[in-house]
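What follows is the content of query.txt, which has compact mmCIF, C-alpha atoms:
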```txt
# COMPACT_ATOMS: atom_id res chain seq x y z
CA MET A 102 186.79 53.84 -53.96
CA LYS A 103 187.63 57.18 -52.34
CA VAL A 104 190.01 60.11 -52.12
CA SER A 105 190.94 61.13 -48.58
CA LEU A 106 192.52 64.41 -47.61
CA ALA A 107 194.12 64.45 -44.16
CA GLY A 108 195.49 67.69 -42.73
CA VAL A 109 196.20 69.00 -46.22
CA GLN A 110 197.75 72.44 -46.61
CA ALA A 111 198.33 73.85 -50.09
CA VAL A 112 200.49 76.95 -50.23
CA ARG A 113 201.02 79.48 -53.02
CA GLY A 114 203.10 82.40 -51.79
CA ASP A 115 201.25 83.98 -48.86
CA TRP A 116 197.99 82.24 -49.78
CA SER A 117 197.00 78.83 -48.44
CA LEU A 118 194.18 76.30 -48.50
CA SER A 119 193.37 73.81 -45.75
CA ALA A 120 191.47 70.69 -46.70
CA GLN A 121 190.24 67.69 -44.77
CA GLY A 122 187.62 65.14 -45.79
CA THR A 123 186.75 62.13 -47.89
CA PHE A 124 185.34 62.13 -51.41
CA GLY A 125 183.50 58.85 -51.88
CA GLU A 126 181.57 57.51 -54.86
CA GLY A 127 178.94 59.88 -56.19
CA ILE A 128 178.75 63.43 -57.44
CA HIS A 129 180.35 66.14 -55.31
CA LEU A 130 179.77 69.85 -55.86
CA VAL A 131 182.46 72.23 -54.60
CA SER A 132 181.57 75.90 -54.62
CA GLY A 133 183.53 78.94 -53.56
CA ASP A 134 184.35 82.49 -54.56
CA VAL A 135 186.83 83.45 -57.23
CA GLY A 136 190.34 82.83 -55.94
CA SER A 137 189.10 80.75 -52.99
CA GLY A 138 191.07 77.72 -54.11
CA LYS A 139 188.73 75.58 -56.20
CA SER A 140 191.30 75.07 -58.95
CA THR A 141 194.00 74.35 -56.39
CA LEU A 142 191.75 71.73 -54.80
CA ALA A 143 191.16 70.23 -58.25
CA LEU A 144 194.92 69.95 -58.75
CA LEU A 145 195.39 68.47 -55.26
CA LEU A 146 192.72 65.82 -55.88
CA SER A 147 194.20 64.96 -59.25
CA GLY A 148 197.73 64.68 -57.88
CA LEU A 149 199.05 67.51 -60.05
CA PHE A 150 199.84 69.80 -57.10
CA PRO A 151 201.67 68.44 -54.06
CA PRO A 152 200.43 69.58 -50.65
CA ALA A 153 202.90 71.49 -48.48
CA SER A 154 201.76 69.25 -45.62
CA GLY A 155 199.24 66.49 -45.03
CA THR A 156 198.32 63.65 -47.36
CA VAL A 157 196.05 62.98 -50.32
CA GLU A 158 195.33 59.26 -50.51
CA ARG A 159 193.44 57.43 -53.24
CA GLU A 160 191.88 54.04 -52.71
CA GLY A 161 190.56 51.80 -55.48
CA ILE A 162 191.10 54.39 -58.19
CA ILE A 163 192.65 53.03 -61.37
CA SER A 164 191.92 55.87 -63.78
CA ALA A 165 191.61 59.59 -63.11
CA MET A 166 190.89 62.55 -65.36
CA ILE A 167 190.78 66.30 -64.87
CA SER A 168 189.17 68.92 -67.07
CA PHE A 169 190.72 72.38 -66.67
CA GLN A 170 188.73 75.59 -66.49
CA PHE A 171 190.27 76.95 -69.68
CA PRO A 172 189.88 74.41 -72.49
CA GLU A 173 192.77 75.77 -74.55
CA PHE A 174 195.15 74.47 -71.87
CA HIS A 175 194.28 70.95 -73.04
CA VAL A 176 194.94 71.47 -76.75
CA THR A 177 197.89 69.62 -78.25
CA GLY A 178 196.64 68.64 -81.73
CA PRO A 179 196.83 70.86 -84.84
CA ASP A 180 193.34 69.82 -85.97
CA LEU A 181 190.25 68.32 -84.38
CA GLU A 182 190.90 64.78 -85.61
CA ARG A 183 194.45 64.68 -84.26
CA GLU A 184 193.31 66.42 -81.06
CA CYS A 185 190.88 63.55 -80.46
CA LYS A 186 193.56 60.98 -81.23
CA ALA A 187 195.89 62.72 -78.75
CA TRP A 188 193.25 61.98 -76.09
CA GLY A 189 193.15 58.35 -77.28
CA VAL A 190 189.49 58.57 -78.27
CA ASP A 191 187.67 57.87 -81.53
CA PRO A 192 187.42 61.14 -83.54
CA GLY A 193 184.21 60.13 -85.31
CA SER A 194 182.08 59.45 -82.27
CA VAL A 195 183.61 62.19 -80.12
CA LEU A 196 183.25 64.92 -82.74
CA ALA A 197 179.66 63.82 -83.30
CA ALA A 198 179.02 63.98 -79.54
CA ALA A 199 180.50 67.49 -79.48
CA GLY A 200 178.38 68.62 -82.43
CA LEU A 201 181.53 69.11 -84.50
CA ALA A 202 181.17 66.35 -87.10
CA GLY A 203 182.57 67.38 -90.47
CA ARG A 204 185.12 69.77 -88.98
CA GLU A 205 187.94 67.24 -88.57
CA THR A 206 190.53 69.47 -90.26
CA ALA A 207 189.69 72.64 -88.32
CA ASP A 208 192.27 74.09 -85.91
CA PRO A 209 190.99 73.61 -82.33
CA LEU A 210 192.02 77.16 -81.48
CA ASP A 211 189.82 78.48 -84.31
CA LEU A 212 186.71 77.11 -82.59
CA SER A 213 184.54 79.39 -80.52
CA ARG A 214 185.26 79.03 -76.82
CA GLY A 215 182.01 77.13 -76.28
CA GLU A 216 182.77 74.76 -79.12
CA LEU A 217 186.28 74.13 -77.74
CA LYS A 218 184.83 73.46 -74.29
CA ARG A 219 182.35 71.00 -75.83
CA LEU A 220 185.22 69.24 -77.61
CA VAL A 221 187.35 68.93 -74.48
CA LEU A 222 184.42 67.71 -72.39
CA ALA A 223 183.48 65.17 -75.06
CA CYS A 224 187.07 63.86 -74.98
CA VAL A 225 187.07 63.78 -71.17
CA LEU A 226 183.70 62.00 -70.98
CA ALA A 227 184.44 59.52 -73.77
CA ARG A 228 185.95 57.19 -71.19
CA ASP A 229 184.57 56.00 -67.89
CA HIS A 230 187.08 57.25 -65.32
CA ASP A 231 187.03 56.20 -61.67
CA LEU A 232 187.86 59.75 -60.59
CA LEU A 233 186.54 62.60 -62.72
CA ILE A 234 187.48 66.14 -61.70
CA LEU A 235 185.75 68.95 -63.57
CA ASP A 236 187.03 72.48 -62.91
CA GLU A 237 184.33 74.95 -64.03
CA PRO A 238 182.89 72.56 -66.62
CA PHE A 239 179.91 74.84 -67.37
CA SER A 240 181.83 78.02 -68.18
CA SER A 241 181.46 79.04 -71.84
CA LEU A 242 178.74 76.46 -72.56
CA ASP A 243 175.36 77.73 -73.73
CA CYS A 244 172.22 76.87 -71.74
CA THR A 245 171.30 73.91 -73.92
CA GLU A 246 174.79 72.40 -73.63
CA LYS A 247 174.87 72.97 -69.87
CA GLU A 248 171.68 70.99 -69.47
CA ARG A 249 173.00 68.25 -71.76
CA LEU A 250 176.18 68.03 -69.65
CA CYS A 251 174.08 67.88 -66.48
CA ALA A 252 172.14 64.94 -67.92
CA VAL A 253 175.37 63.11 -68.81
CA LEU A 254 176.87 63.68 -65.35
CA SER A 255 173.64 62.71 -63.58
CA GLY A 256 173.81 59.46 -65.54
CA ARG A 257 177.27 58.52 -64.29
CA MET A 258 176.45 55.38 -62.37
CA ARG A 259 179.81 54.76 -60.75
CA GLY A 260 183.02 56.45 -59.70
CA ILE A 261 183.78 59.75 -58.03
CA THR A 262 182.79 62.96 -59.80
CA VAL A 263 183.98 66.26 -58.35
CA ILE A 264 182.53 69.42 -59.93
CA LEU A 265 184.20 72.64 -58.87
CA THR A 266 182.13 75.58 -60.02
CA HIS A 267 180.48 78.89 -59.31
CA GLU A 268 177.66 78.04 -61.73
CA GLN A 269 174.32 79.28 -60.39
CA ALA A 270 171.66 77.92 -62.71
CA HIS A 271 172.55 74.51 -64.14
CA PHE A 272 173.49 71.51 -62.00
CA PRO A 273 173.22 67.75 -62.22
CA ARG A 274 171.69 65.92 -59.27
CA VAL A 275 174.50 65.89 -56.72
CA ASP A 276 175.15 63.74 -53.67
CA ARG A 277 177.23 66.06 -51.53
CA ILE A 278 178.04 69.76 -51.32
CA TRP A 279 181.34 71.28 -50.25
CA GLU A 280 182.36 74.91 -49.95
CA ILE A 281 185.68 76.69 -49.70
CA GLN A 282 185.50 79.62 -47.31
CA ASP A 283 188.24 81.62 -45.58
CA GLY A 284 190.91 79.29 -46.94
CA THR A 285 189.26 76.12 -45.66
CA LEU A 286 187.34 73.32 -47.39
CA ARG A 287 184.05 72.75 -45.57
CA ASP A 288 181.79 69.69 -45.92
CA ARG A 289 178.12 70.76 -46.01
CA GLY A 290 176.91 67.16 -46.19
CA ARG A 291 174.41 65.26 -48.28
CA LEU A 292 171.38 66.70 -50.03
CA PRO A 293 168.83 67.96 -49.27
CA SER A 294 169.97 68.77 -45.71
CA ALA A 295 173.14 70.41 -47.09
CA LEU A 296 171.06 73.09 -48.81
CA GLY A 297 170.31 74.85 -45.54
CA HIS A 298 174.03 75.31 -44.84
CA TRP A 299 175.10 76.20 -48.38
CA ASP A 300 176.30 79.81 -48.28
CA HIS A 301 176.99 79.90 -52.04
CA ALA A 302 173.53 78.57 -52.90
CA PRO A 303 171.95 80.28 -55.91
CA ALA A 304 169.44 83.01 -55.09
CA LEU A 305 166.64 80.84 -56.42
CA VAL A 306 167.52 77.96 -54.05
CA LYS A 307 167.70 80.36 -51.09
CA ASP A 308 164.36 81.86 -52.10
CA LEU A 309 162.71 78.43 -52.30
CA ILE A 310 164.07 77.44 -48.88
CA ALA A 311 162.86 80.75 -47.39
CA ARG A 312 159.38 79.95 -48.75
CA GLY A 313 159.49 76.52 -47.10
CA LYS A 314 159.83 74.72 -50.42
CA VAL A 315 163.09 72.84 -49.91
CA PRO A 316 164.02 71.14 -53.20
CA ALA A 317 165.03 67.49 -53.11
CA ASN A 318 168.11 68.31 -55.20
CA ILE A 319 169.43 71.14 -57.36
CA ALA A 320 168.79 69.98 -60.93
CA GLN A 321 166.40 72.29 -62.78
CA ALA A 322 163.63 69.70 -62.61
CA ASP A 323 163.99 69.58 -58.81
CA LEU A 324 163.85 73.36 -58.49
CA LEU A 325 160.81 73.59 -60.75
CA GLU A 326 159.10 70.81 -58.78
CA ALA A 327 159.75 72.67 -55.52
CA ALA A 328 158.59 75.99 -56.99
CA CYS A 329 155.34 74.46 -58.22
CA ARG A 330 154.67 72.72 -54.91
CA ILE A 331 151.48 73.96 -53.24
CA MET B 129 172.97 105.10 -80.74
CA ILE B 130 175.11 102.25 -82.09
CA THR B 131 173.90 101.21 -85.52
CA ALA B 132 174.79 98.33 -87.81
CA GLU B 133 173.51 98.03 -91.36
CA ASN B 134 173.98 95.25 -93.89
CA LEU B 135 176.77 93.95 -91.68
CA TRP B 136 178.65 90.97 -92.98
CA TYR B 137 181.75 89.38 -91.51
CA ARG B 138 182.65 85.71 -91.84
CA THR B 139 179.55 83.79 -90.71
CA LEU B 140 177.85 86.83 -89.18
CA SER B 141 175.20 88.56 -91.27
CA ILE B 142 173.02 91.27 -89.74
CA GLU B 143 170.71 93.37 -91.87
CA GLU B 144 169.94 96.01 -89.27
CA LEU B 145 170.69 96.44 -85.57
CA ARG B 146 170.28 99.41 -83.25
CA ILE B 147 171.74 99.48 -79.76
CA ALA B 148 170.59 102.23 -77.40
CA PRO B 149 172.72 103.51 -74.51
CA GLY B 150 172.54 101.26 -71.45
CA ILE B 151 173.43 97.66 -70.74
CA THR B 152 172.89 95.28 -73.63
CA SER B 153 173.30 91.51 -73.30
CA VAL B 154 174.11 89.35 -76.32
CA ILE B 155 173.00 85.75 -75.90
CA GLY B 156 172.73 82.69 -78.10
CA PRO B 157 174.04 79.17 -78.71
CA ASN B 158 177.78 78.41 -78.86
CA GLY B 159 179.21 79.38 -82.23
CA CYS B 160 176.32 81.70 -83.18
CA GLY B 161 178.60 84.72 -83.61
CA LYS B 162 178.41 86.50 -80.24
CA THR B 163 182.13 87.09 -79.94
CA THR B 164 182.36 88.05 -83.62
CA LEU B 165 179.70 90.73 -83.12
CA LEU B 166 181.49 92.03 -80.04
CA LYS B 167 184.80 92.20 -81.91
CA LEU B 168 183.13 94.26 -84.64
CA LEU B 169 181.60 96.55 -82.02
CA ALA B 170 185.00 96.96 -80.39
CA GLY B 171 186.80 97.62 -83.67
CA ILE B 172 189.01 94.56 -83.20
CA ALA B 173 187.54 93.27 -86.48
CA VAL B 174 186.33 95.34 -89.43
CA PRO B 175 183.21 94.34 -91.43
CA GLU B 176 183.80 92.73 -94.81
CA SER B 177 180.82 94.79 -95.94
CA GLY B 178 178.25 97.05 -94.35
CA THR B 179 178.72 99.58 -91.59
CA ILE B 180 178.84 99.71 -87.83
CA LEU B 181 178.90 103.12 -86.14
CA VAL B 182 179.06 104.35 -82.54
CA ASP B 183 177.21 107.64 -82.35
CA GLY B 184 178.06 108.13 -86.01
CA ILE B 185 181.74 107.19 -85.95
CA PRO B 186 183.51 103.88 -86.62
CA PRO B 187 184.48 101.91 -83.48
CA ARG B 188 188.19 102.30 -84.24
CA ASP B 189 187.80 106.08 -83.86
CA ALA B 190 185.88 105.77 -80.59
CA GLU B 191 187.17 105.01 -77.08
CA ILE B 192 186.35 101.34 -76.55
CA GLY B 193 187.18 99.22 -73.52
CA TRP B 194 187.49 95.50 -74.18
CA VAL B 195 187.47 92.60 -71.73
CA ASN B 196 188.35 89.24 -73.24
CA GLU B 197 186.75 86.08 -71.92
CA PHE B 198 190.13 84.34 -71.88
CA PRO B 199 191.98 86.53 -69.35
CA ASP B 200 195.41 85.23 -70.30
CA ARG B 201 194.97 86.68 -73.78
CA ASN B 202 194.58 90.18 -72.29
CA ILE B 203 197.79 90.23 -70.36
CA LEU B 204 200.63 92.38 -71.64
CA PHE B 205 202.61 93.13 -68.50
CA GLY B 206 203.97 91.20 -65.55
CA SER B 207 202.39 92.99 -62.61
CA THR B 208 198.80 93.83 -61.79
CA PHE B 209 199.50 97.54 -61.41
CA GLU B 210 201.40 97.82 -64.69
CA GLU B 211 198.71 95.89 -66.56
CA ILE B 212 196.04 98.36 -65.44
CA ALA B 213 198.31 101.34 -66.09
CA SER B 214 199.17 100.26 -69.63
CA PRO B 215 196.26 101.97 -71.51
CA LEU B 216 197.21 105.26 -69.84
CA ARG B 217 200.92 104.81 -70.52
CA PHE B 218 200.13 104.15 -74.19
CA ARG B 219 198.30 107.53 -74.15
CA HIS B 220 201.41 109.21 -72.68
CA LEU B 221 199.68 110.60 -69.59
CA PRO B 222 201.89 112.02 -66.81
CA CYS B 223 203.15 109.33 -64.42
CA THR B 224 201.62 110.96 -61.35
CA GLU B 225 198.19 111.05 -63.00
CA ILE B 226 198.58 107.44 -64.12
CA ASP B 227 199.43 106.31 -60.60
CA ASP B 228 196.48 108.20 -59.17
CA ARG B 229 193.98 106.88 -61.70
CA VAL B 230 195.19 103.29 -61.37
CA VAL B 231 194.91 103.40 -57.57
CA ARG B 232 191.37 104.81 -57.78
CA CYS B 233 190.35 102.33 -60.46
CA MET B 234 191.70 99.37 -58.45
CA LYS B 235 189.74 100.60 -55.46
CA ALA B 236 186.53 100.94 -57.53
CA VAL B 237 186.91 97.39 -58.85
CA GLY B 238 187.77 96.06 -55.39
CA ILE B 239 191.24 94.75 -56.18
CA THR B 240 193.45 97.09 -54.18
CA HIS B 241 194.73 94.04 -52.31
CA LEU B 242 196.26 92.68 -55.52
CA GLY B 243 198.75 95.59 -55.52
CA THR B 244 201.67 94.72 -57.74
CA ARG B 245 201.20 90.94 -57.61
CA PRO B 246 202.50 89.04 -60.63
CA MET B 247 199.69 88.49 -63.15
CA GLN B 248 200.55 84.82 -63.52
CA GLU B 249 199.86 84.21 -59.82
CA LEU B 250 196.26 85.42 -60.08
CA SER B 251 193.25 83.14 -60.35
CA GLY B 252 191.20 83.17 -63.54
CA GLY B 253 188.58 85.40 -61.93
CA GLU B 254 191.13 87.84 -60.56
CA LYS B 255 192.61 88.19 -64.05
CA VAL B 256 189.16 89.17 -65.34
CA LEU B 257 188.92 91.84 -62.64
CA VAL B 258 192.31 93.23 -63.66
CA ALA B 259 191.20 93.23 -67.32
CA LEU B 260 188.04 95.10 -66.33
CA ALA B 261 190.07 97.68 -64.43
CA ALA B 262 192.38 98.11 -67.45
CA ALA B 263 189.33 98.63 -69.66
CA LEU B 264 187.71 101.19 -67.34
CA VAL B 265 190.82 103.15 -66.38
CA PHE B 266 190.65 105.38 -69.50
CA ARG B 267 186.87 105.97 -69.16
CA PRO B 268 185.68 104.47 -72.44
CA GLN B 269 182.58 105.45 -74.38
CA VAL B 270 181.77 101.79 -75.00
CA LEU B 271 182.66 98.90 -72.72
CA VAL B 272 182.58 95.54 -74.49
CA LEU B 273 182.85 92.42 -72.36
CA ASP B 274 183.11 88.97 -73.84
CA GLU B 275 181.57 86.59 -71.27
CA TYR B 276 183.41 88.20 -68.38
CA ASP B 277 181.05 86.48 -65.95
CA SER B 278 182.13 82.99 -67.00
CA HIS B 279 184.92 83.17 -64.46
CA LEU B 280 183.25 85.06 -61.64
CA ASP B 281 181.26 83.75 -58.71
CA ALA B 282 177.75 85.12 -58.28
CA ARG B 283 178.72 87.55 -55.53
CA ARG B 284 181.64 88.95 -57.51
CA ALA B 285 179.62 89.06 -60.74
CA GLY B 286 176.96 91.08 -58.90
CA GLU B 287 179.63 93.44 -57.57
CA ILE B 288 181.13 93.86 -61.03
CA SER B 289 177.70 94.54 -62.48
CA ARG B 290 177.24 97.34 -59.94
CA ILE B 291 180.75 98.69 -60.66
CA ILE B 292 179.98 98.77 -64.37
CA LYS B 293 176.68 100.60 -63.74
CA ARG B 294 178.43 103.10 -61.45
CA SER B 295 181.18 103.70 -64.02
CA GLY B 296 178.74 105.75 -66.10
CA THR B 297 179.98 104.16 -69.32
CA PRO B 298 177.37 105.18 -71.95
CA TYR B 299 177.27 101.82 -73.72
CA VAL B 300 177.94 98.49 -72.04
CA ILE B 301 177.63 95.49 -74.33
CA HIS B 302 178.42 92.03 -73.06
CA CYS B 303 177.71 88.51 -74.08
CA THR B 304 176.79 86.01 -71.41
CA GLN B 305 175.58 82.46 -70.94
CA ASP B 306 173.77 83.52 -67.78
CA THR B 307 170.25 84.37 -68.86
CA GLU B 308 169.42 85.57 -65.33
CA THR B 309 172.02 88.30 -65.84
CA ALA B 310 170.74 89.06 -69.32
CA ALA B 311 167.23 89.41 -67.90
CA CYS B 312 168.44 92.24 -65.64
CA GLY B 313 169.88 94.40 -68.45
CA ASP B 314 168.23 97.13 -70.48
CA SER B 315 168.11 95.18 -73.73
CA VAL B 316 168.90 91.75 -75.14
CA ILE B 317 170.10 90.60 -78.56
CA PHE B 318 169.54 86.91 -79.32
CA LEU B 319 171.85 85.63 -82.05
CA GLU B 320 171.24 82.39 -83.89
CA GLN B 321 173.38 81.00 -86.72
CA GLY B 322 175.04 84.34 -87.34
CA LYS B 323 171.85 86.37 -87.46
CA ALA B 324 170.05 88.58 -84.98
CA GLY B 325 167.10 86.34 -84.17
CA CYS B 326 165.40 88.98 -82.07
CA SER B 327 166.34 92.04 -80.04
CA GLY B 328 164.57 94.35 -77.64
CA THR B 329 163.69 94.46 -73.97
CA PRO B 330 164.38 91.32 -71.89
CA GLU B 331 160.62 90.76 -71.58
CA ASP B 332 160.10 90.81 -75.35
CA VAL B 333 163.12 88.69 -76.23
CA PHE B 334 162.63 86.03 -73.57
CA ALA B 335 158.93 85.80 -74.37
CA SER B 336 160.00 84.48 -77.77
CA LEU B 337 162.40 82.02 -76.09
CA SER B 338 159.98 80.64 -73.51
CA ARG B 339 160.17 77.11 -74.93
CA THR B 340 163.98 77.00 -74.90
CA ALA B 341 166.68 76.50 -72.26
CA PHE B 342 167.50 80.20 -72.67
CA TYR B 343 164.39 81.25 -70.74
CA PRO B 344 165.51 82.30 -67.21
CA LEU B 345 164.75 79.60 -64.65
CA SER B 346 163.74 82.20 -62.06
CA TRP B 347 161.08 83.48 -64.45
CA ARG B 348 159.78 79.93 -64.91
CA CYS B 349 159.65 79.42 -61.15
CA ARG B 350 157.73 82.66 -60.56
CA ALA B 351 155.06 81.68 -63.07
```
When written as structure tokens, how does the structure in this file appear?
Amino acid sequence: MKVSLAGVQAVRGDWSLSAQGTFGEGIHLVSGDVGSGKSTLALLLSGLFPPASGTVEREGIISAMISFQFPEFHVTGPDLERECKAWGVDPGSVLAAAGLAGRETADPLDLSRGELKRLVLACVLARDHDLLILDEPFSSLDCTEKERLCAVLSGRMRGITVILTHEQAHFPRVDRIWEIQDGTLRDRGRLPSALGHWDHAPALVKDLIARGKVPANIAQADLLEAACRI
Amino acid sequence: MITAENLWYRTLSIEELRIAPGITSVIGPNGCGKTTLLKLLAGIAVPESGTILVDGIPPRDAEIGWVNEFPDRNILFGSTFEEIASPLRFRHLPCTEIDDRVVRCMKAVGITHLGTRPMQELSGGEKVLVALAAALVFRPQVLVLDEYDSHLDARRAGEISRIIKRSGTPYVIHCTQDTETAACGDSVIFLEQGKAGCSGTPEDVFASLSRTAFYPLSWRCRA
């Protein structure tokens, strides 16, 4: 299964994004500055934004899901129970997974932003999608929840997961790193060799590499292992 | 000094809190009351009981700049320029002064290139930058930012941090999920279940959180 972008140009007014490459099975991390086009790429990959030129082709993908940066954009239900049902997922198990058990009658928009993000992510992750696109999934989550999400994503054994984020501290183990720079999607390759070419690498990763302690991956356990290496 | 005594509002209950001038980071688990505390500090909400004072006066009588974490909820006007100008227009300043201050503020925040672009065309991060400019343009006494860094890349967040420091705003209070950022401030307040679990210097507060995910990873790696 894969998503292939060939000669893709996305245009919004006088701004454009060029993208070329193949997203195969595994976890892909896409980083880039604010406004670089991460959300546009997420929409292109999900088929919600048509390219001005070029093609986005999916092979072997039956189910796809996207999680937007702002969780309120997903809300359609007047309470948490009906919000879960609108996603087609079981309210009991999903609300428990989101730490919101017992709040079935609460208005989703009355939740704190972190709680709403937890709810949306729990709904998104309740099913095993072939293509999972997560636009800034860590924003608004507290540190404990970020690590929990990383563990869940690291445990995805199949399918394509694309994480588009400027997060700097919490990551799952990823297979491939991409960056968007100067209006172009750039493939930095597989880990750990990609780390040396990763311009948006967190300061801690750059520091470890400068000290000759290249981490095997970018999960916190990998960074700690590298830091403690003699 | 910002002081809160016997503060009670919804699920937030704080017996005593003192915030000195400088940059204060509010951290804690989702739903612990960070945004509620910031709304009380900004005068957006009023305590059900107790007091909160900014240098002896209620927040609603002080000049407070507010940056919402959800940028779309900040937007009042269609264009970038008009959005930033709006606090000054509401204060009935002369048009020439408004234009001058907006241009200088946009330059200071690094968004001159946005010009008069429609707000709805901006990315989430760009909307935060416009909200920050709108909050700084009237030179507030207190700048309150509700997780502004959630939507900024590290480079831009660092730039904004420097802009905020350069602005000379006496009190900057922000909540963040980035403990590395919180570790760089002057003081930290850790909220837990609606209460101020601990507050003080980053060293003191994080020392009490060393066994949690809130402890900065860079501090762990330097150990």
Smallest atom-to-atom distance to Glu133 of chain B: which of B:Leu166, B:Gly150, B:Lys323, B:Leu181, using only C-alpha atoms?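 Nearest to Glu133 of chain B: B:Leu181.
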From the options A:Ile264, A:Ala223, A:Cys251, A:Ala187, which residue's atoms come nearest to Val131 of chain A, counting all atoms listed in the file?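 Of A:Ile264, A:Ala223, A:Cys251, A:Ala187, the one nearest Val131 of chain A, counting all atoms listed in the file, is A:Ile264.
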In Å, with one decimal, what is the gap from atom CA of Ala317 of chain A to atom CA of Ala285 of chain B?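 Interatomic distance here is 27.1 Å.
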So that I can see what lies close to Ile226 of chain B, please list as a CSV table (one decimal) with C-alpha atoms, keeping the file's coordinate frame the residues with an atom at most 12 Å from it, counting only C-alpha atoms and leaving out residues fewer than 3 positions away in the same chain.
```
chain,number,residue,atom,x,y,z
B,209,PHE,CA,199.5,97.5,-61.4
B,210,GLU,CA,201.4,97.8,-64.7
B,211,GLU,CA,198.7,95.9,-66.6
B,212,ILE,CA,196.0,98.4,-65.4
B,213,ALA,CA,198.3,101.3,-66.1
B,214,SER,CA,199.2,100.3,-69.6
B,215,PRO,CA,196.3,102.0,-71.5
B,216,LEU,CA,197.2,105.3,-69.8
B,217,ARG,CA,200.9,104.8,-70.5
B,218,PHE,CA,200.1,104.2,-74.2
B,219,ARG,CA,198.3,107.5,-74.2
B,220,HIS,CA,201.4,109.2,-72.7
B,221,LEU,CA,199.7,110.6,-69.6
B,222,PRO,CA,201.9,112.0,-66.8
B,223,CYS,CA,203.2,109.3,-64.4
B,229,ARG,CA,194.0,106.9,-61.7
B,230,VAL,CA,195.2,103.3,-61.4
B,231,VAL,CA,194.9,103.4,-57.6
B,232,ARG,CA,191.4,104.8,-57.8
B,233,CYS,CA,190.4,102.3,-60.5
B,262,ALA,CA,192.4,98.1,-67.4
B,265,VAL,CA,190.8,103.2,-66.4
B,266,PHE,CA,190.6,105.4,-69.5
```
Can you write out as a tab-separated table which residues of chain B fall within 7 Å of chain A, alongside each residue's closest atom pair and its distance in Å to one decimal, counting only C-alpha atoms and ordering rows by chain and ascending residue number?
```
residue	atom	partner	partner_atom	distance
B:Pro157	CA	A:Asp243	CA	5.3
B:Asn158	CA	A:Gly215	CA	5.1
B:Gly159	CA	A:Ser213	CA	5.6
B:Ser251	CA	A:Gly136	CA	5.3
B:Gly253	CA	A:Val135	CA	5.4
B:Glu254	CA	A:Gly136	CA	6.9
B:Ser278	CA	A:Ser240	CA	5.1
B:Leu280	CA	A:Val135	CA	5.9
B:Asp281	CA	A:His267	CA	5.0
B:Ala282	CA	A:His267	CA	6.9
B:Gln305	CA	A:Asp243	CA	5.5
B:Ala341	CA	A:Thr245	CA	5.6
B:Phe342	CA	A:Cys244	CA	5.9
B:Ser346	CA	A:Leu305	CA	6.5
B:Cys349	CA	A:Ala328	CA	5.5
```
Can you tell me how far atom CA of Arg289 of chain A sits from atom CA of Gly238 of chain B, in Å to one decimal?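 If I compute the distance from atom CA of Arg289 of chain A to atom CA of Gly238 of chain B, I get 28.7 Å.
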Hey, what's within 10 Å of Glu158 of chain A if we count all atoms listed in the file and toss same-chain stuff fewer than 6 positions away? As a CSV table (one decimal) with C-alpha atoms, in the coordinates of the input, please?
```csv
chain,number,residue,atom,x,y,z
A,103,LYS,CA,187.6,57.2,-52.3
A,104,VAL,CA,190.0,60.1,-52.1
A,105,SER,CA,190.9,61.1,-48.6
A,106,LEU,CA,192.5,64.4,-47.6
A,107,ALA,CA,194.1,64.4,-44.2
A,123,THR,CA,186.8,62.1,-47.9
A,146,LEU,CA,192.7,65.8,-55.9
A,148,GLY,CA,197.7,64.7,-57.9
```
Please identify all polymer residues within 9 Å of segment 189-192 of chain B, counting only C-alpha atoms, omitting same-chain residues fewer than 3 positions from it, and present them as a list in words. Leu169, Ala170, Gly171, Val182, Ile185, Pro186, Ala263, Phe266, Arg267, Pro268, Gln269, Val270, Leu271 and Val272 of chain B
Counting all atoms listed in the file, which of B:His279, B:Val256, B:Val154, B:Ile203 gets nearest to Val333 of chain B?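 Under the stated criterion, the closest residue is B:Val154.
Closest approach to Ile278 of chain A among A:Leu210, A:Ala252, A:Leu222, A:Ile319: A:Ile319, based on only C-alpha atoms.
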Computed gap from atom CA of Glu126 of chain A to atom CA of Val263 of chain A is 9.7 Å
Using only C-alpha atoms, which residue out of B:Pro175, B:Gly286, B:Pro187, B:Pro246 lies closest to Thr208 of chain B?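 Between B:Pro175, B:Gly286, B:Pro187, B:Pro246, the residue approaching Thr208 of chain B most closely is B:Pro246.
Nearest residue to Ser168 of chain A, choosing from A:Leu286, A:Val275, A:Val225, A:Val315 and counting all atoms listed in the file: A:Val225.
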